[in-house]
$ cat query06.tsv   # TSV, C-alpha atoms and all ligand atoms
chain	number	residue	atom	x	y	z
S	1	MET	CA	72.93	12.80	158.24
S	2	ALA	CA	72.47	10.64	155.11
S	3	GLU	CA	69.11	9.00	154.72
S	4	PRO	CA	69.16	5.21	154.96
S	5	PRO	CA	68.96	3.62	151.45
S	6	THR	CA	65.50	2.47	150.41
S	7	PRO	CA	65.36	-1.31	150.73
S	8	PRO	CA	64.82	-3.08	147.41
S	9	LEU	CA	61.30	-3.83	146.27
S	10	ALA	CA	60.71	-7.58	146.31
S	11	LEU	CA	59.16	-9.45	143.39
S	12	ASP	CA	58.43	-13.18	143.55
S	13	LEU	CA	57.82	-14.71	140.12
S	14	GLY	CA	57.13	-18.18	141.48
S	15	PRO	CA	57.55	-20.74	138.70
S	16	LEU	CA	56.81	-18.14	135.94
S	17	GLY	CA	59.62	-17.66	133.43
S	18	LEU	CA	60.26	-15.06	130.75
S	19	ASP	CA	59.05	-17.62	128.23
S	20	GLY	CA	55.69	-17.54	130.01
S	21	GLY	CA	55.04	-13.81	130.44
S	22	ALA	CA	57.18	-12.92	133.48
S	23	GLN	CA	58.11	-9.64	131.78
S	24	LEU	CA	54.67	-8.28	132.65
S	25	LEU	CA	55.40	-8.70	136.35
S	26	LEU	CA	58.95	-7.39	135.90
S	27	ASN	CA	57.72	-4.24	134.14
S	28	HIS	CA	54.96	-3.83	136.71
S	29	GLY	CA	57.58	-4.09	139.48
S	30	LEU	CA	59.97	-1.68	137.77
S	31	ARG	CA	57.22	0.91	137.39
S	32	ARG	CA	56.28	0.64	141.08
S	33	ARG	CA	59.81	1.36	142.32
S	34	ALA	CA	60.62	4.61	144.06
S	35	PRO	CA	63.36	6.65	142.33
S	36	GLY	CA	66.69	4.89	142.83
S	37	GLN	CA	65.09	1.81	144.34
S	38	ALA	CA	66.28	-1.64	143.22
S	39	LEU	CA	64.03	-4.58	142.33
S	40	ARG	CA	64.88	-7.91	143.95
S	41	VAL	CA	63.64	-10.82	141.88
S	42	GLN	CA	62.95	-14.32	143.15
S	43	GLY	CA	61.66	-17.30	141.24
S	44	SER	CA	61.96	-21.03	140.72
S	45	HIS	CA	62.07	-21.17	136.89
S	46	THR	CA	65.19	-23.09	135.87
S	47	ASP	CA	66.41	-20.54	133.31
S	48	LEU	CA	65.40	-17.43	135.21
S	49	ALA	CA	68.92	-16.06	135.78
S	50	LEU	CA	69.97	-16.65	132.18
S	51	HIS	CA	66.82	-15.18	130.62
S	52	LEU	CA	66.71	-12.26	133.02
S	53	ALA	CA	70.31	-11.34	132.16
S	54	ALA	CA	69.47	-11.18	128.44
S	55	TRP	CA	66.25	-9.31	129.07
S	56	CYS	CA	68.00	-6.66	131.20
S	57	ARG	CA	70.89	-6.32	128.77
S	58	LYS	CA	68.50	-5.55	125.89
S	59	ARG	CA	66.85	-2.82	127.95
S	60	GLY	CA	69.95	-1.25	129.42
S	61	LEU	CA	69.06	-2.33	132.96
S	62	ALA	CA	71.77	-3.44	135.37
S	63	LEU	CA	71.38	-6.92	136.90
S	64	GLY	CA	73.48	-8.04	139.84
S	65	THR	CA	73.35	-10.31	142.83
S	66	VAL	CA	72.80	-8.74	146.24
S	67	ASP	CA	72.70	-10.98	149.32
S	68	GLY	CA	72.31	-13.96	146.97
S	69	ALA	CA	69.24	-12.54	145.16
S	70	LEU	CA	68.95	-11.29	141.57
S	71	THR	CA	68.60	-7.51	141.76
S	72	ILE	CA	67.78	-5.05	139.01
S	73	THR	CA	69.04	-1.49	139.26
S	74	GLY	CA	68.97	1.38	136.78
S	75	GLY	CA	65.90	3.06	135.49
S	76	THR	CA	65.31	3.60	131.86
S	77	ASP	CA	64.38	1.08	129.23
S	78	ALA	CA	67.03	1.63	126.55
S	79	ARG	CA	64.82	0.14	123.87
S	80	TRP	CA	62.77	3.33	123.85
S	81	GLN	CA	65.66	5.75	123.83
S	82	GLY	CA	65.66	7.51	120.50
S	83	ALA	CA	61.94	6.82	120.03
S	84	ALA	CA	59.94	9.70	118.51
S	85	ARG	CA	56.42	10.92	119.22
S	86	ALA	CA	54.32	10.91	116.05
S	87	ASP	CA	52.89	14.36	116.60
S	88	ALA	CA	53.60	18.08	116.27
S	89	GLY	CA	56.25	18.02	118.99
S	90	GLN	CA	56.77	19.17	122.54
S	91	ALA	CA	55.57	22.74	122.09
S	92	SER	CA	52.12	21.48	121.03
S	93	PRO	CA	49.44	19.51	122.87
S	94	PRO	CA	50.01	15.72	122.85
S	95	GLY	CA	48.85	14.16	119.61
S	96	ALA	CA	48.64	17.51	117.77
S	97	VAL	CA	48.63	17.36	113.97
S	98	ALA	CA	52.08	18.08	112.54
S	99	ASP	CA	52.75	20.38	109.58
S	100	ARG	CA	54.84	17.64	108.08
S	101	ALA	CA	54.41	13.93	108.80
S	102	ASP	CA	57.66	12.00	109.20
S	103	ALA	CA	58.19	8.95	106.99
S	104	ARG	CA	59.50	7.11	110.07
S	105	TRP	CA	56.14	7.43	111.81
S	106	GLY	CA	54.83	5.02	109.20
S	107	VAL	CA	51.31	3.84	109.94
S	108	ALA	CA	51.56	4.47	113.70
S	109	ALA	CA	48.63	6.05	115.52
S	110	ARG	CA	49.02	9.82	115.70
S	111	GLY	CA	50.74	10.61	119.01
S	112	ALA	CA	52.21	7.10	119.45
S	113	LEU	CA	55.82	6.69	120.63
S	114	VAL	CA	57.54	5.14	117.61
S	115	GLU	CA	60.56	2.95	118.28
S	116	ALA	CA	63.80	3.96	116.61
S	117	GLY	CA	64.55	1.68	113.70
S	118	ALA	CA	60.92	1.32	112.58
S	119	PRO	CA	60.79	1.26	108.76
S	120	GLU	CA	60.11	4.37	106.72
S	121	PHE	CA	56.98	4.52	104.57
S	122	HIS	CA	56.77	6.58	101.43
S	123	PHE	CA	53.57	8.66	101.39
S	124	PRO	CA	53.82	11.34	98.68
S	125	LEU	CA	51.20	13.48	100.47
S	126	SER	CA	52.90	14.15	103.81
S	127	ASP	CA	52.55	17.93	104.12
S	128	LYS	CA	49.56	19.30	105.97
S	129	PRO	CA	48.74	22.08	103.45
S	130	ALA	CA	48.57	19.57	100.60
S	131	LEU	CA	45.60	17.70	102.05
S	132	TRP	CA	44.30	19.10	105.33
S	133	SER	CA	40.81	20.34	106.11
S	134	ASP	CA	39.70	21.57	109.53
S	135	ASP	CA	36.23	20.32	108.66
S	136	ALA	CA	37.23	16.73	107.84
S	137	ALA	CA	36.43	15.30	111.29
S	138	ARG	CA	32.96	16.86	111.31
S	139	LEU	CA	32.21	15.78	107.74
S	140	TYR	CA	33.38	12.24	108.48
S	141	ALA	CA	31.10	12.03	111.52
S	142	ALA	CA	28.19	13.45	109.51
S	143	ALA	CA	28.82	10.90	106.77
S	144	VAL	CA	28.94	8.00	109.24
S	145	ALA	CA	25.61	9.13	110.70
S	146	ALA	CA	24.06	9.50	107.25
S	147	GLN	CA	25.00	6.15	105.71
S	148	TRP	CA	22.03	4.41	104.12
S	149	ASP	CA	21.37	0.87	103.02
S	150	PRO	CA	20.23	0.75	99.39
S	151	ASP	CA	18.04	-2.27	100.15
S	152	VAL	CA	16.18	-0.47	102.91
S	153	ALA	CA	16.29	3.19	101.89
S	154	VAL	CA	14.93	2.64	98.37
S	155	ASP	CA	11.53	1.17	97.63
S	156	TRP	CA	12.62	-1.05	94.75
S	157	GLN	CA	9.19	-2.74	94.77
S	158	ALA	CA	7.33	0.50	94.04
S	159	GLU	CA	4.88	-0.14	91.23
S	160	PHE	CA	5.22	1.95	88.08
S	161	GLU	CA	5.31	1.42	84.36
S	162	LEU	CA	6.76	4.04	82.02
S	163	PRO	CA	6.35	4.39	78.26
S	164	ASP	CA	9.33	2.73	76.53
S	165	GLU	CA	10.93	5.99	75.43
S	166	VAL	CA	10.71	7.48	78.91
S	167	GLU	CA	12.23	4.35	80.47
S	168	ASP	CA	14.97	4.59	77.81
S	169	ALA	CA	15.65	8.19	78.83
S	170	VAL	CA	15.93	7.21	82.50
S	171	VAL	CA	18.30	4.38	81.60
S	172	GLN	CA	20.45	6.73	79.49
S	173	VAL	CA	20.75	9.21	82.35
S	174	MET	CA	21.54	6.38	84.81
S	175	THR	CA	24.21	5.02	82.45
S	176	TYR	CA	25.77	8.46	82.34
S	177	LEU	CA	25.58	8.77	86.14
S	178	VAL	CA	27.32	5.42	86.66
S	179	GLU	CA	30.36	6.45	84.63
S	180	ASN	CA	30.54	9.71	86.54
S	181	GLU	CA	30.26	7.85	89.85
S	182	ASN	CA	33.04	5.48	88.79
S	183	ALA	CA	35.30	8.47	88.22
S	184	ALA	CA	34.22	10.07	91.52
S	185	LEU	CA	35.15	6.84	93.30
S	186	LEU	CA	38.48	6.21	91.62
S	187	VAL	CA	39.98	9.70	91.53
S	188	PRO	CA	39.94	10.30	95.33
S	189	ALA	CA	40.89	6.65	95.90
S	190	ARG	CA	44.15	7.25	94.06
S	191	PHE	CA	44.99	10.21	96.30
S	192	LEU	CA	43.88	8.37	99.42
S	193	GLY	CA	46.57	5.76	98.80
S	194	GLN	CA	49.22	8.50	98.75
S	195	MET	CA	48.24	10.19	102.03
S	196	HIS	CA	50.19	9.89	105.25
S	197	PRO	CA	47.86	8.32	107.83
S	198	HIS	CA	48.98	10.92	110.36
S	199	TYR	CA	46.21	13.05	108.78
S	200	ARG	CA	43.63	10.56	110.03
S	201	GLU	CA	40.50	12.71	109.70
S	202	VAL	CA	41.17	13.40	106.03
S	203	LEU	CA	41.72	9.71	105.30
S	204	GLN	CA	38.50	8.81	107.09
S	205	CYS	CA	36.60	11.48	105.23
S	206	LEU	CA	37.87	10.29	101.85
S	207	ALA	CA	37.32	6.63	102.73
S	208	ILE	CA	33.66	7.23	103.49
S	209	THR	CA	33.31	9.43	100.40
S	210	ILE	CA	34.50	6.44	98.39
S	211	ALA	CA	31.99	4.22	100.18
S	212	ASP	CA	29.28	6.77	99.26
S	213	GLU	CA	30.29	6.55	95.60
S	214	ALA	CA	30.19	2.76	95.79
S	215	ARG	CA	26.53	2.99	96.85
S	216	HIS	CA	25.80	5.51	94.11
S	217	VAL	CA	27.25	3.12	91.53
S	218	GLU	CA	25.06	0.40	93.02
S	219	VAL	CA	21.74	2.24	93.02
S	220	PHE	CA	22.11	3.73	89.55
S	221	THR	CA	23.15	0.32	88.22
S	222	ARG	CA	20.13	-1.29	89.89
S	223	ARG	CA	17.81	1.32	88.41
S	224	ILE	CA	19.15	0.53	84.92
S	225	ALA	CA	18.30	-3.15	85.39
S	226	LEU	CA	15.03	-2.57	87.27
S	227	LYS	CA	12.85	-3.04	84.18
S	228	GLY	CA	15.18	-5.49	82.48
S	229	ARG	CA	17.14	-2.94	80.43
S	230	ARG	CA	20.83	-3.01	79.59
S	231	PRO	CA	23.04	0.05	80.16
S	232	ALA	CA	22.70	2.57	77.33
S	233	LEU	CA	25.33	4.73	75.62
S	234	SER	CA	28.68	5.94	76.87
S	235	THR	CA	30.11	8.66	74.66
S	236	ALA	CA	33.70	9.51	73.83
S	237	GLY	CA	33.17	13.13	74.88
S	238	ALA	CA	31.84	12.25	78.32
S	239	GLN	CA	34.69	9.83	78.93
S	240	ALA	CA	37.25	12.37	77.68
S	241	SER	CA	35.93	14.85	80.21
S	242	LEU	CA	36.16	12.32	83.04
S	243	LYS	CA	39.62	11.21	81.95
S	244	THR	CA	40.98	14.72	82.50
S	245	LEU	CA	40.05	14.28	86.18
S	246	PHE	CA	42.43	11.33	86.34
S	247	ASP	CA	45.18	13.58	84.94
S	248	ALA	CA	44.89	16.18	87.74
S	249	PRO	CA	48.47	16.80	88.87
S	250	ASP	CA	47.75	17.03	92.59
S	251	PHE	CA	45.07	16.71	95.24
S	252	SER	CA	44.26	20.42	95.26
S	253	VAL	CA	43.58	20.62	91.54
S	254	SER	CA	41.58	17.42	91.85
S	255	SER	CA	39.57	18.89	94.74
S	256	LEU	CA	38.71	21.91	92.62
S	257	LEU	CA	37.84	20.11	89.40
S	258	LEU	CA	36.10	17.08	90.87
S	259	ALA	CA	34.59	18.24	94.18
S	260	VAL	CA	34.03	21.99	93.93
S	261	LEU	CA	33.13	22.24	90.25
S	262	GLY	CA	32.07	18.71	89.23
S	263	GLU	CA	30.25	17.30	92.26
S	264	GLY	CA	28.91	20.78	92.93
S	265	SER	CA	27.27	20.70	89.49
S	266	PHE	CA	26.06	17.18	90.21
S	267	VAL	CA	24.18	18.37	93.28
S	268	ASN	CA	22.16	20.56	90.90
S	269	LEU	CA	21.69	17.68	88.48
S	270	LEU	CA	20.52	15.28	91.20
S	271	ASN	CA	18.12	17.90	92.57
S	272	PHE	CA	16.79	18.34	89.04
S	273	LEU	CA	16.25	14.60	88.67
S	274	GLN	CA	14.63	14.41	92.08
S	275	ALA	CA	12.15	16.99	90.84
S	276	TRP	CA	11.55	15.68	87.30
S	277	ALA	CA	12.25	11.95	87.25
S	278	PRO	CA	9.10	10.09	86.21
S	279	ASP	CA	9.20	7.31	88.81
S	280	PRO	CA	9.58	7.08	92.58
S	281	VAL	CA	12.70	4.86	92.53
S	282	THR	CA	14.71	7.31	90.42
S	283	ARG	CA	13.56	10.20	92.56
S	284	GLN	CA	14.57	8.38	95.76
S	285	ILE	CA	18.04	7.39	94.60
S	286	CYS	CA	18.78	10.87	93.28
S	287	ARG	CA	17.70	12.39	96.58
S	288	LEU	CA	19.94	10.01	98.57
S	289	ALA	CA	22.95	10.46	96.29
S	290	GLY	CA	22.50	14.25	96.22
S	291	ARG	CA	22.65	14.41	100.01
S	292	ASP	CA	25.98	12.57	100.00
S	293	GLU	CA	27.34	14.76	97.20
S	294	ALA	CA	26.73	17.92	99.21
S	295	ARG	CA	29.23	16.59	101.79
S	296	HIS	CA	31.78	15.78	99.09
S	297	VAL	CA	31.55	19.36	97.85
S	298	ALA	CA	31.89	20.67	101.41
S	299	PHE	CA	35.07	18.67	101.93
S	300	GLY	CA	36.63	19.98	98.70
S	301	MET	CA	35.71	23.54	99.67
S	302	SER	CA	37.10	23.22	103.19
S	303	HIS	CA	40.37	21.68	102.02
S	304	LEU	CA	40.93	24.39	99.43
S	305	ALA	CA	39.96	27.17	101.83
S	306	TRP	CA	42.54	25.82	104.29
S	307	GLN	CA	45.28	25.46	101.71
S	308	LEU	CA	44.59	28.85	100.10
S	309	ALA	CA	44.92	30.50	103.50
S	310	VAL	CA	48.50	29.22	103.80
S	311	GLU	CA	49.38	29.27	100.07
S	312	PRO	CA	47.65	32.21	98.37
S	313	ASP	CA	49.63	31.54	95.16
S	314	LEU	CA	47.66	28.34	94.75
S	315	ARG	CA	44.69	30.38	93.46
S	316	SER	CA	46.35	31.21	90.16
S	317	ARG	CA	47.49	27.61	89.73
S	318	LEU	CA	43.91	26.41	90.25
S	319	GLY	CA	42.62	28.90	87.70
S	320	ALA	CA	45.24	27.73	85.23
S	321	ALA	CA	44.13	24.12	85.77
S	322	VAL	CA	40.53	25.00	84.83
S	323	ASP	CA	41.81	26.75	81.69
S	324	ALA	CA	44.08	23.84	80.79
S	325	ARG	CA	41.22	21.39	81.15
S	326	HIS	CA	38.97	23.59	79.05
S	327	ASP	CA	41.58	23.70	76.30
S	328	ALA	CA	42.15	19.95	76.50
S	329	LEU	CA	38.42	19.40	76.00
S	330	ALA	CA	37.94	22.08	73.32
S	331	ASP	CA	37.67	19.47	70.57
S	332	THR	CA	35.08	17.34	72.33
S	333	ASP	CA	31.34	17.81	72.07
S	334	GLY	CA	30.63	18.59	75.69
S	335	LEU	CA	27.47	17.14	77.13
S	336	ASN	CA	26.36	14.41	74.79
S	337	GLU	CA	23.18	14.79	72.82
S	338	GLU	CA	21.77	11.57	74.21
S	339	VAL	CA	21.99	12.70	77.84
S	340	PHE	CA	20.82	16.23	77.03
S	341	ASP	CA	17.77	14.94	75.15
S	342	ALA	CA	16.98	12.45	77.88
S	343	LEU	CA	17.02	15.25	80.48
S	344	VAL	CA	14.76	17.38	78.29
S	345	LEU	CA	12.30	14.53	77.87
S	346	LEU	CA	12.21	13.78	81.61
S	347	ALA	CA	11.61	17.45	82.38
S	348	ALA	CA	8.97	17.66	79.61
S	349	GLY	CA	6.87	14.73	80.77
S	350	ALA	CA	5.03	14.45	77.43
S	351	PHE	CA	5.60	14.35	73.68
S	352	THR	CA	3.98	17.65	72.77
S	353	PRO	CA	5.71	20.75	71.42
S	354	GLU	CA	4.66	22.74	74.48
S	355	ALA	CA	5.90	20.13	76.92
S	356	ILE	CA	9.21	19.68	75.09
S	357	ALA	CA	9.73	23.46	74.99
S	358	ALA	CA	9.12	23.60	78.74
S	359	GLY	CA	11.49	20.66	79.32
S	360	HIS	CA	14.14	22.34	77.19
S	361	ALA	CA	13.80	25.57	79.16
S	362	ARG	CA	14.13	23.62	82.44
S	363	VAL	CA	17.38	22.03	81.29
S	364	GLN	CA	18.72	25.45	80.25
S	365	GLN	CA	17.71	26.70	83.68
S	366	LEU	CA	19.54	23.75	85.27
S	367	MET	CA	22.73	24.61	83.40
S	368	ALA	CA	22.46	28.25	84.43
S	369	GLU	CA	22.03	27.17	88.07
S	370	MET	CA	25.08	24.93	87.79
S	371	ALA	CA	27.22	27.76	86.44
S	372	GLU	CA	25.95	30.13	89.12
S	373	GLY	CA	26.72	27.58	91.83
S	374	ARG	CA	30.24	27.14	90.49
S	375	ARG	CA	30.73	30.89	90.35
S	376	SER	CA	29.56	31.45	93.90
S	377	ARG	CA	31.77	28.66	95.27
S	378	LEU	CA	34.79	30.14	93.48
S	379	VAL	CA	33.99	33.55	94.97
S	380	LYS	CA	33.83	31.89	98.40
S	381	LEU	CA	37.32	30.57	97.75
S	382	GLY	CA	38.53	34.10	97.17
S	383	PHE	CA	38.51	34.33	93.37
S	384	GLY	CA	37.62	37.77	92.05
S	385	PRO	CA	34.04	38.06	90.70
S	386	GLU	CA	35.06	38.26	87.04
S	387	VAL	CA	37.61	35.46	87.23
S	388	ALA	CA	35.09	33.32	89.10
S	389	ALA	CA	32.41	33.87	86.46
S	390	ALA	CA	34.83	33.09	83.63
S	391	LEU	CA	36.15	29.94	85.30
S	392	ALA	CA	32.59	28.80	86.10
S	393	GLN	CA	31.74	29.06	82.40
S	394	ARG	CA	34.92	27.29	81.30
S	395	HIS	CA	34.09	24.22	83.39
S	396	THR	CA	33.39	21.13	81.27
S	397	ARG	CA	29.99	21.10	79.56
S	398	ASN	CA	29.81	17.49	80.63
S	399	PHE	CA	29.00	18.67	84.21
S	400	MET	CA	31.64	16.49	85.95
Q	501	FE	FE	28.43	10.15	93.83
Q	502	FE	FE	30.71	12.43	95.16

$ encode --input "query06.tsv" --output "structure tokens" --more "lines below"
Ligand SMILES: [Fe+2]
Ligand SMILES: [Fe+2]
Amino acid sequence: MAEPPTPPLALDLGPLGLDGGAQLLLNHGLRRRAPGQALRVQGSHTDLALHLAAWCRKRGLALGTVDGALTITGGTDARWQGAARADAGQASPPGAVADRADARWGVAARGALVEAGAPEFHFPLSDKPALWSDDAARLYAAAVAAQWDPDVAVDWQAEFELPDEVEDAVVQVMTYLVENENAALLVPARFLGQMHPHYREVLQCLAITIADEARHVEVFTRRIALKGRRPALSTAGAQASLKTLFDAPDFSVSSLLLAVLGEGSFVNLLNFLQAWAPDPVTRQICRLAGRDEARHVAFGMSHLAWQLAVEPDLRSRLGAAVDARHDALADTDGLNEEVFDALVLLAAGAFTPEAIAAGHARVQQLMAEMAEGRRSRLVKLGFGPEVAAALAQRHTRNFM
């Protein structure tokens, strides 16, 4: 015996029309229906029948009149047929990161259902291996938790007075740091603008890295001006070295040259300045910036480790990029005399032959530590010991 048909579900819209939000009640009613059940709609709005007909037509729903009442039958909303989930697909958990991000997903949230006909966006970096890091989410969270306010975290009122030549040396080093920070801000920013937002964690990680660099630019600039000085010298060699970072052909080469080798060396430099800077303000800002830099290095390492695991051939391309940069910089002076001498003076602490000799030895020691750090990071990325040592030595003498 056939089961009696389910009576239609009744919906009374009262005076509410589709120009006033009635679709919320219609959708609510449609969702509450049992399978196969019709929705009987009542209402006193003058244009209800006309508007409801158009609304149903657009969604592929059938509208008829049963016993004198408007009745909707049919189930699916045609507008969302052909929509695509912005994720790795049905075989993966909902919202899973895809190996390739579709241009048609545009700027939609990862996992969103994207309507067919949405515009395509052109993001040159849309392949997971080209940018992904499994550590990006953790590093982003760590960076958010470690943000500091330059006004609060630095005791700008600390009282100190340095001999003119020592203050000059600090200002020269700060001037050099600012140009390096400008490069460290702009180079990842250029790649960030090319990345498909499907890879959310990486974008967040780079965005906060850029915010870190903005603070570094600020504090080093403020230290220059603290005693009324103007910025000091910017040399052609230092700028030539930084310019090669802007010429990196892709994000992976950039991650190696800037993050793994350059910012890695800067962690050593900032530790050195934290130890030897002659005033508390310089020591504080170098400590704060150095902490941020360690995260930037960690991100570069984790991205390259991930990409190398899926593209082992990348290793030789990275090595070739270090060589190419070395050759491009062969005619420049390397670390400029002004910065080198300023570092020696800060590490010497006095104008005596003994003190200067000690300062000189400390700077040599710093450079050896930088090279050793670069070598060990390259080994961690799977470079053979000899190749790693050679590449570590071929890194720019300008540190970044
Ligand atoms: Fe920085
Ligand atoms: Fe950095």

$ closest_atom_pairs --input "query06.tsv" --of "chain S" --to "ligand FE 502 (chain Q)" --cutoff "8 Å" --atoms "all atoms listed in the file" --output "tab-separated table"
residue	atom	partner	partner_atom	distance
S:Glu181	CA	Q:FE502	FE	7.0
S:Ala184	CA	Q:FE502	FE	5.6
S:Leu185	CA	Q:FE502	FE	7.4
S:Thr209	CA	Q:FE502	FE	6.6
S:Ile210	CA	Q:FE502	FE	7.8
S:Asp212	CA	Q:FE502	FE	7.1
S:Glu213	CA	Q:FE502	FE	5.9
S:Ala259	CA	Q:FE502	FE	7.1
S:Glu263	CA	Q:FE502	FE	5.7
S:Asp292	CA	Q:FE502	FE	6.8
S:Glu293	CA	Q:FE502	FE	4.6
S:Ala294	CA	Q:FE502	FE	7.9
S:Arg295	CA	Q:FE502	FE	8.0
S:His296	CA	Q:FE502	FE	5.3
S:Val297	CA	Q:FE502	FE	7.5

$ closest_residue --input "query06.tsv" --among "S:Phe251, S:Leu269, S:Arg190, S:Asn180" --to "ligand FE 501 (chain Q)" --atoms "all atoms listed in the file"
S:Asn180

$ closest_residue --input "query06.tsv" --among "S:Glu311, S:Glu218, S:Asp341, S:Asp279" --to "ligand FE 501 (chain Q)" --atoms "only C-alpha atoms and all ligand atoms"
S:Glu218

$ atom_distance --input "query06.tsv" --atom1 "atom CA of S:Thr396" --atom2 "atom FE of ligand FE 501 (chain Q)"
17.4 Å

$ atom_distance --input "query06.tsv" --atom1 "atom CA of S:Pro8" --atom2 "atom CA of S:Ala69"
10.7 Å

$ residues_around --input "query06.tsv" --residues "S:Ala38" --least-positions-apart "5" --cutoff "9 Å" --atoms "all atoms listed in the file" --output "list in words"
Thr6, Pro7, Pro8, Leu9, Ala10, Leu30, Arg33, Thr71, Ile72, Thr73 and Gly74 of chain S

$ residues_around --input "query06.tsv" --residues "stretch 154-157 of chain S" --least-positions-apart "5" --cutoff "12 Å" --atoms "all atoms listed in the file" --output "number ranges by chain"
S: 148-149, 215, 218-220, 222-227, 279-289

$ atom_distance --input "query06.tsv" --atom1 "atom CA of S:Ala248" --atom2 "atom CA of S:Leu125"
14.5 Å

$ residues_around --input "query06.tsv" --residues "S:Ala78" --least-positions-apart "2" --cutoff "9 Å" --atoms "all atoms listed in the file" --output "ChimeraX atom specification"
/S:58-61,76,80-82

$ write_last_selection --input "query06.tsv" --atoms "C-alpha atoms" --output "mmCIF file, in the coordinates of the input"
data_model
loop_
_atom_site.group_PDB
_atom_site.id
_atom_site.type_symbol
_atom_site.label_atom_id
_atom_site.label_comp_id
_atom_site.auth_asym_id
_atom_site.auth_seq_id
_atom_site.Cartn_x
_atom_site.Cartn_y
_atom_site.Cartn_z
ATOM 1 C CA LYS S 58 68.500 -5.550 125.890
ATOM 2 C CA ARG S 59 66.850 -2.820 127.950
ATOM 3 C CA GLY S 60 69.950 -1.250 129.420
ATOM 4 C CA LEU S 61 69.060 -2.330 132.960
ATOM 5 C CA THR S 76 65.310 3.600 131.860
ATOM 6 C CA TRP S 80 62.770 3.330 123.850
ATOM 7 C CA GLN S 81 65.660 5.750 123.830
ATOM 8 C CA GLY S 82 65.660 7.510 120.500
#

$ closest_residue --input "query06.tsv" --among "S:Thr235, S:Gln307, S:Asn398, S:Thr221" --to "S:Ser252" --atoms "all atoms listed in the file"
S:Gln307

$ closest_residue --input "query06.tsv" --among "S:Arg57, S:Arg291, S:Lys380, S:Arg315" --to "ligand FE 501 (chain Q)" --atoms "all atoms listed in the file"
S:Arg291

$ residues_around --input "query06.tsv" --residues "S:Arg110" --least-positions-apart "4" --cutoff "7 Å" --atoms "only C-alpha atoms" --output "VMD selection string"
chain S and resid 86 to 87 95 198

$ residues_around --input "query06.tsv" --residues "S:Arg32" --least-positions-apart "3" --cutoff "12 Å" --atoms "all atoms listed in the file" --output "PyMOL selection string"
chain S and resi 8-11+25-29+35-39+75

$ residues_near_point --input "query06.tsv" --point "(33.2, 20.0, 105.0)" --cutoff "6 Å" --atoms "only C-alpha atoms" --output "PDB file with C-alpha atoms, in the frame of the given file"
ATOM      1  CA  ASP S 135      36.230  20.320 108.660  1.00  0.00           C
ATOM      2  CA  ALA S 136      37.230  16.730 107.840  1.00  0.00           C
ATOM      3  CA  LEU S 139      32.210  15.780 107.740  1.00  0.00           C
ATOM      4  CA  ALA S 298      31.890  20.670 101.410  1.00  0.00           C
ATOM      5  CA  PHE S 299      35.070  18.670 101.930  1.00  0.00           C
ATOM      6  CA  SER S 302      37.100  23.220 103.190  1.00  0.00           C
TER       7      SER S 302
END

$ closest_residue --input "query06.tsv" --among "S:Arg317, S:His216, S:Arg375, S:His395" --to "ligand FE 501 (chain Q)" --atoms "only C-alpha atoms and all ligand atoms"
S:His216
